[in-house]
Amino acid sequence: MNDHRDAFPPLSRRDALRRIGAGFGSLGLASVMGEAQQGAEGVLASPLAPKVPHFAPKAKHVIQLFMPGGPSQVDTFDYKPMIAKHAGERPAVVDKKSLRNTKNGLLPSPFEFRQHGQTGKWVSEIFRHTAEVSDEICFIHSMHTDIPEHAGAMLMFNLGHLQPSRPSLGSWLCYGLGSENQELPGLVAMSPRAQPRGKSAHWGNAFLPGAYSGVYANIASMKPGSILQNLSNPHLPRPEQREQASLLSRLNGIDLERQGADQKLESSIHAMEMAFRMQFAVPDAFDTRHESKATLDLYGESEFAQGCLIARRLVERGVRMVQISHSVSGYDIAWDTGHGDIPHHRELAHQCDQGIAGLIRDLKLRGLLEDTLILWGGEFGRAPTSEGTKGRDHDHYGFTVWMAGGGVKPGYTYGATDEFGCSAVTNRVHVHDLHATILHLMGLDHERLTYRYSGRDFRLTDVHGKVIHDIIA
């Protein structure tokens, strides 16, 4: 074979891309996402472009403060003085054989409760910062779920289903509403550790198009340039990256036009474009060095607090939903230490309390709280009876979550558990009802937000769910 290298001298990457692009004539090397919104021919519109909701929304963004492991309702926000009065006893209302390891009597909380705010809300001493903003919070004390097992219950809380084969709440929100920022993902999931193995379903898209999947960020290092893996391209400057990404998108677009429809290919096109844009937008969004000292002091120094500050910066930039999981290094379900050591709840609360209160205050100061819905809670609660001498086992019959901002009533309490905090008895709220209400606050009808897959229409709430109108402001 003849060697023609002398006849065809080597080209730079830029010149090679330009020559290839010129061969496609009018296809050019335009920005796929940017020019799609300007009406360029043959270019896919961004699946994350803002969409019109079903009706006027109360909220535009969601920040989920997820407490995996099951925080104890009777040691945090659901004050039950009757537990101490009947300590060691086992009344019939708590004598549930379906609750494992709860064969002992009632265990009084090791923490003191005090009343706070204009509403006089009783809050445990371990959440002293959150207690100071209790007048901004809408407490739901009557939550219940289907199963007292961590993996299934966490999936139910985040996906509305016990199996990891359904889209997450955030993915449904991005599918229904798009995002207000085309340079950042619509859904960002964070925790103070490396990505938990097998936990991506909690912010995943399942059968929804890939553009609606969440992106995971490790906030432990707090280095803006490395908070996401493979964020920077060390080989090409930005102009050449732009040409390369655009060319690949155009070539994929030609293939897509020939095939007619290919969800995986469409997802790849949008993923490559988003990856290009993220490498410049993400460092800015995650860089808190220019925040004032007053703002930094407001949140505190814990890793979870830093996540709360970043969450504010993300929704400020139009990200649809941010999920912050209170996981600690090497332990996915931090609050599960309640089995044998309820007093450890103090340390867990200390790690996130100031950040939570700082987030509420900061959003309010910036005028963002009214259209940002904050959701706090774990996958289930803890039994009022004891496991061992100072622990509590899982309790899915009744537990507490709370919301703030985003159109819910501030300083409001909804529902109740029995006198010992074991089971929801008044205005009971299932996870499907909670999801239906969140979608409603975001301007979406949970029965109309469907996606056709495998021969049927799926929705976040399956065939269940009712909106809790009483908590809506």
# chains A, B, ... in the order shown; residues from 1 in each chain; ligands from 1
$ residues_around --residues "Glu136 of chain A" --least-positions-apart "5" --cutoff "12 Å" --atoms "only C-alpha atoms" --output "VMD selection string"
chain A and resid 116 to 119 121 130 to 131 356 to 357 359 to 361 363 to 364 369 to 370 373 to 374 402 to 413 473
$ residues_around --residues "Asn181 of chain A" --least-positions-apart "4" --cutoff "8 Å" --atoms "only C-alpha atoms" --output "ChimeraX atom specification"
/A:185-186,317-319
$ write_last_selection --atoms "C-alpha atoms" --output "PDB file, in the first residue's frame"
ATOM      1  CA  PRO A 185     -29.181  19.627  34.889  1.00  0.00           C
ATOM      2  CA  GLY A 186     -32.834  19.881  35.824  1.00  0.00           C
ATOM      3  CA  ARG A 317     -30.031  29.558  38.731  1.00  0.00           C
ATOM      4  CA  GLY A 318     -33.206  27.752  37.685  1.00  0.00           C
ATOM      5  CA  VAL A 319     -32.521  24.102  38.562  1.00  0.00           C
TER       6      VAL A 319
END
$ closest_residue --among "A:Lys390, A:His161, A:His144, A:Arg448" --to "Gly421 of chain A" --atoms "only C-alpha atoms"
A:His144
$ atom_distance --atom1 "atom CA of Pro47 of chain A" --atom2 "atom CA of Gly214 of chain A"
13.7 Å
$ closest_residue --among "A:Gln323, A:Thr385, A:Gln306, A:Ser134" --to "Gln351 of chain A" --atoms "only C-alpha atoms"
A:Gln306
$ closest_residue --among "A:Glu419, A:Asp146, A:Asp393, A:Asp445" --to "Pro53 of chain A" --atoms "only C-alpha atoms"
A:Asp445
$ residues_around --residues "Ala416 of chain A" --least-positions-apart "4" --cutoff "12 Å" --atoms "only C-alpha atoms" --output "list in words"
Gln73, Val74, Phe77, Asp78, Tyr79, Lys80, Phe139, Ile140, His141, Ser142, Met143, His144, Tyr397, Gly398, Phe399, Thr400, Val401, Phe420, Gly421, Cys422, Ser423, Ala424, Val425, Thr426, Asn427, Arg428 and Val429 of chain A
$ atom_distance --atom1 "atom CA of His432 of chain A" --atom2 "atom CA of Phe207 of chain A"
19.5 Å
$ closest_residue --among "A:Trp122, A:Tyr299, A:Trp203, A:Tyr453" --to "Asp75 of chain A" --atoms "only C-alpha atoms"
A:Trp122
$ closest_residue --among "A:His61, A:His440, A:His350, A:Arg313" --to "Asp362 of chain A" --atoms "only C-alpha atoms"
A:Arg313
$ closest_residue --among "A:Gln354, A:Ser46, A:Ser325, A:Gln259" --to "Pro192 of chain A" --atoms "only C-alpha atoms"
A:Ser325
